[in-house]
Amino acid sequence: MLHEPMTFWLLLGAVAILSLSVGSFLNVVIHRIPIMLEREWESIRTDTDPGHTFNLATPASRCPVCNHQIRWFENIPVFSYLFLGGKCSSCKTKISLRYPAIETATALIGCGLFYHFGPTWHTAALIGFSWILLCLIFIDIDHQLLPDNLTLPLLWLGLLVNTQGLFTSLENAVWGAVVGYLSLWSVYWAFKLLTGKEGMGYGDFKLLAALGAWAGAAQLPLIILLSSLVGAVFGIAMMLFKKHDHQQPLPFGPYLAVAGWIALLWGDIITGHYLQFAGF
């Protein structure tokens with residue numbers, strides 16, 4: 001059935017539509033989860049009720065400048081942005097290009113994985129994994145925060161899918177989660193004891209634990225190496241072009257996320273080529 005060209009392209013089109021819709025939701029997640037956490041922390045600190053409900057569903061999306069409630073036809077992924085000319089229909093304030101960019105990236109990831117791997121549980125798991133990482137990347141860029149309500153479900157999902165051995169054995173997944181957490185936890189405390197400063201946040205430990213739960217303990221050295229190399233290159237480039245203050249810490253989560261995604265898809269191939277090159 002899947003070898004019929006028409007059937008394949010119809011399924012791919014369905015994945016594209018679903019992915020664009022999910023991309024629109026991911027924009028909500030990226031924007032609202034940090035606000036939800038801040039309101040929760042503030043209510044605990046002051047022992048007060050935060051007031052009106054604020055979650056991923058309520059209130060309805062509005063323009064942050066004029067408070068215009070966004071209607072359904074103004075919220076169609078990518079197409080509404082193009083139709084409105086990238087501006088609010090009421091006050092004409094520019095809408096960030098990042099919104100359609102995230103929707104497009106979500107669709108490209110979903111379609112690319114489906115095209116390469118086909119309609120399998122393996123593909124569905126990879127797509128979900130990728131979408132959660134996309135949220136974590138942008139939240140960490142914006143707020144230097146990796147929320148527990150994303151990293152912990154990602155960890156449990158990794159263990160769950162590997163009960164079926166989708167990416168590694170359950171034993172390797174459990175050890176991947178344990179070693180992933182403890183490796184960065186150890187680095188954190190060693191750095192703090194030597195310098196008196198915090199080199200990274202606890203969210204990084206949990207993210208690497210989640211990546212270990214998906215890819216297994218054997219992929220952790222590759223993930224750490226790739227993330228460190230990319231982070232070092234990007235950080236040096238930012239300082240050379242004077243776009244970043246060297247006193248201000250750079251979020252490490254995006255580099256971990258990208259490295260974990262690469263390792264899950266191509267880790268065995270990369271490791272195999274390296275061992276062959278090294279003569280092992």
# chains A, B, ... in the order shown; residues from 1 in each chain; ligands from 1
$ residues_around --residues "Trp189 (chain A)" --least-positions-apart "4" --cutoff "12 Å" --atoms "only C-alpha atoms" --output "PyMOL selection string"
chain A and resi 182-185+193-202+205
$ residues_around --residues "region 166-175 of chain A" --least-positions-apart "3" --cutoff "7 Å" --atoms "only C-alpha atoms" --output "PyMOL selection string"
chain A and resi 122+159+161-163+178-179+212-217
$ select_by_dssp --residues "region 26-194 of chain A" --states "strand (DSSP E or B)" --output "list in words"
Arg62, Gln69, Lys87 and Lys94 of chain A
$ write_last_selection --atoms "all heavy atoms" --output "JSON list (two decimals), in the first residue's frame"
[["chain", "number", "residue", "atom", "x", "y", "z"],
["A", 62, "ARG", "N", -3.98, 36.83, 22.21],
["A", 62, "ARG", "CA", -4.27, 38.23, 21.91],
["A", 62, "ARG", "C", -3.00, 38.94, 21.46],
["A", 62, "ARG", "O", -1.90, 38.50, 21.77],
["A", 62, "ARG", "CB", -4.85, 38.95, 23.14],
["A", 62, "ARG", "CG", -6.19, 38.41, 23.60],
["A", 62, "ARG", "CD", -6.68, 39.10, 24.86],
["A", 62, "ARG", "NE", -7.98, 38.62, 25.28],
["A", 62, "ARG", "CZ", -9.14, 39.12, 24.86],
["A", 62, "ARG", "NH1", -9.13, 40.15, 24.01],
["A", 62, "ARG", "NH2", -10.28, 38.62, 25.26],
["A", 69, "GLN", "N", -8.16, 40.21, 20.28],
["A", 69, "GLN", "CA", -8.24, 38.75, 20.35],
["A", 69, "GLN", "C", -8.07, 38.17, 18.94],
["A", 69, "GLN", "O", -8.75, 38.57, 18.00],
["A", 69, "GLN", "CB", -9.58, 38.30, 20.93],
["A", 69, "GLN", "CG", -9.67, 36.79, 21.07],
["A", 69, "GLN", "CD", -10.89, 36.35, 21.87],
["A", 69, "GLN", "OE1", -11.33, 37.05, 22.77],
["A", 69, "GLN", "NE2", -11.44, 35.18, 21.54],
["A", 87, "LYS", "N", 1.60, 41.41, 10.19],
["A", 87, "LYS", "CA", 1.19, 42.47, 11.11],
["A", 87, "LYS", "C", -0.14, 42.14, 11.78],
["A", 87, "LYS", "O", -0.95, 41.41, 11.22],
["A", 87, "LYS", "CB", 1.06, 43.81, 10.37],
["A", 87, "LYS", "CG", 2.36, 44.31, 9.74],
["A", 87, "LYS", "CD", 2.14, 45.60, 8.97],
["A", 87, "LYS", "CE", 3.43, 46.08, 8.33],
["A", 87, "LYS", "NZ", 3.21, 47.32, 7.54],
["A", 94, "LYS", "N", 4.09, 44.74, 14.05],
["A", 94, "LYS", "CA", 4.72, 43.61, 13.39],
["A", 94, "LYS", "C", 4.67, 42.36, 14.27],
["A", 94, "LYS", "O", 4.90, 42.42, 15.47],
["A", 94, "LYS", "CB", 6.17, 43.94, 13.04],
["A", 94, "LYS", "CG", 6.32, 44.89, 11.86],
["A", 94, "LYS", "CD", 7.78, 45.05, 11.46],
["A", 94, "LYS", "CE", 7.92, 45.95, 10.24],
["A", 94, "LYS", "NZ", 9.35, 46.10, 9.83]]
$ atom_distance --atom1 "CA of Thr151 (chain A)" --atom2 "CA of Ser227 (chain A)"
17.2 Å
$ closest_residue --among "A:Pro64, A:Pro34, A:Ser43, A:Cys111" --to "Gly13 (chain A)" --atoms "only C-alpha atoms"
A:Cys111
$ residues_around --residues "region 254-263 of chain A" --least-positions-apart "3" --cutoff "7 Å" --atoms "only C-alpha atoms" --output "VMD selection string"
chain A and resid 133 137 140 211 219 222 to 223 226 to 227 230 to 231 251 266 to 267
$ write_last_selection --atoms "N, CA, C and O atoms" --output "PDB file, in the first residue's frame"
ATOM      1  N   LEU A 133      12.010  18.749  21.919  1.00  0.00           N
ATOM      2  CA  LEU A 133      13.325  19.398  21.935  1.00  0.00           C
ATOM      3  C   LEU A 133      13.249  20.806  21.346  1.00  0.00           C
ATOM      4  O   LEU A 133      13.930  21.722  21.826  1.00  0.00           O
ATOM      5  N   ILE A 137      14.577  24.122  23.248  1.00  0.00           N
ATOM      6  CA  ILE A 137      15.617  24.976  22.666  1.00  0.00           C
ATOM      7  C   ILE A 137      15.227  26.442  22.768  1.00  0.00           C
ATOM      8  O   ILE A 137      16.001  27.285  23.246  1.00  0.00           O
ATOM      9  N   ASP A 140      14.894  27.817  26.408  1.00  0.00           N
ATOM     10  CA  ASP A 140      16.204  28.040  27.024  1.00  0.00           C
ATOM     11  C   ASP A 140      16.892  29.262  26.423  1.00  0.00           C
ATOM     12  O   ASP A 140      17.571  30.016  27.138  1.00  0.00           O
ATOM     13  N   LEU A 211      17.868  12.560  27.289  1.00  0.00           N
ATOM     14  CA  LEU A 211      18.528  12.135  26.053  1.00  0.00           C
ATOM     15  C   LEU A 211      19.134  10.740  26.221  1.00  0.00           C
ATOM     16  O   LEU A 211      19.088   9.914  25.305  1.00  0.00           O
ATOM     17  N   GLN A 219      25.533   6.392  23.855  1.00  0.00           N
ATOM     18  CA  GLN A 219      25.550   7.600  23.028  1.00  0.00           C
ATOM     19  C   GLN A 219      25.903   8.860  23.823  1.00  0.00           C
ATOM     20  O   GLN A 219      26.090   9.922  23.240  1.00  0.00           O
ATOM     21  N   LEU A 222      29.144  10.815  22.879  1.00  0.00           N
ATOM     22  CA  LEU A 222      28.980  11.546  21.618  1.00  0.00           C
ATOM     23  C   LEU A 222      28.143  12.801  21.829  1.00  0.00           C
ATOM     24  O   LEU A 222      28.473  13.874  21.305  1.00  0.00           O
ATOM     25  N   ILE A 223      27.075  12.684  22.602  1.00  0.00           N
ATOM     26  CA  ILE A 223      26.210  13.839  22.860  1.00  0.00           C
ATOM     27  C   ILE A 223      26.982  14.945  23.573  1.00  0.00           C
ATOM     28  O   ILE A 223      26.907  16.124  23.195  1.00  0.00           O
ATOM     29  N   LEU A 226      29.676  16.450  21.094  1.00  0.00           N
ATOM     30  CA  LEU A 226      29.070  17.298  20.060  1.00  0.00           C
ATOM     31  C   LEU A 226      28.550  18.609  20.650  1.00  0.00           C
ATOM     32  O   LEU A 226      28.760  19.685  20.089  1.00  0.00           O
ATOM     33  N   SER A 227      27.849  18.516  21.782  1.00  0.00           N
ATOM     34  CA  SER A 227      27.284  19.730  22.384  1.00  0.00           C
ATOM     35  C   SER A 227      28.380  20.678  22.857  1.00  0.00           C
ATOM     36  O   SER A 227      28.260  21.902  22.714  1.00  0.00           O
ATOM     37  N   VAL A 230      30.040  22.331  19.622  1.00  0.00           N
ATOM     38  CA  VAL A 230      29.149  23.330  19.011  1.00  0.00           C
ATOM     39  C   VAL A 230      29.017  24.543  19.926  1.00  0.00           C
ATOM     40  O   VAL A 230      29.062  25.693  19.474  1.00  0.00           O
ATOM     41  N   GLY A 231      28.862  24.292  21.238  1.00  0.00           N
ATOM     42  CA  GLY A 231      28.737  25.400  22.182  1.00  0.00           C
ATOM     43  C   GLY A 231      29.981  26.269  22.219  1.00  0.00           C
ATOM     44  O   GLY A 231      29.892  27.499  22.259  1.00  0.00           O
ATOM     45  N   PRO A 251      23.153  29.719  27.314  1.00  0.00           N
ATOM     46  CA  PRO A 251      22.392  28.502  27.614  1.00  0.00           C
ATOM     47  C   PRO A 251      23.018  27.289  26.924  1.00  0.00           C
ATOM     48  O   PRO A 251      23.364  27.340  25.747  1.00  0.00           O
ATOM     49  N   TRP A 266      21.713   9.428  14.087  1.00  0.00           N
ATOM     50  CA  TRP A 266      22.902   8.967  13.359  1.00  0.00           C
ATOM     51  C   TRP A 266      24.063   8.592  14.268  1.00  0.00           C
ATOM     52  O   TRP A 266      25.188   8.462  13.804  1.00  0.00           O
ATOM     53  N   GLY A 267      23.797   8.418  15.574  1.00  0.00           N
ATOM     54  CA  GLY A 267      24.884   8.153  16.518  1.00  0.00           C
ATOM     55  C   GLY A 267      25.694   6.920  16.179  1.00  0.00           C
ATOM     56  O   GLY A 267      26.930   6.948  16.211  1.00  0.00           O
TER      57      GLY A 267
END
$ atom_distance --atom1 "CA of Val65 (chain A)" --atom2 "CA of Cys135 (chain A)"
24.1 Å
$ residues_around --residues "Phe25 (chain A)" --least-positions-apart "5" --cutoff "9 Å" --atoms "only C-alpha atoms" --output "MDAnalysis selection string"
chainID A and resid 20 30 56 103
$ write_last_selection --atoms "C-alpha atoms" --output "mmCIF file, in the first residue's frame"
data_model
loop_
_atom_site.group_PDB
_atom_site.id
_atom_site.type_symbol
_atom_site.label_atom_id
_atom_site.label_comp_id
_atom_site.auth_asym_id
_atom_site.auth_seq_id
_atom_site.Cartn_x
_atom_site.Cartn_y
_atom_site.Cartn_z
ATOM 1 C CA LEU A 20 1.850 22.846 11.006
ATOM 2 C CA ILE A 30 7.223 28.246 24.233
ATOM 3 C CA LEU A 56 -1.890 26.592 27.623
ATOM 4 C CA GLU A 103 5.638 26.329 12.481
#
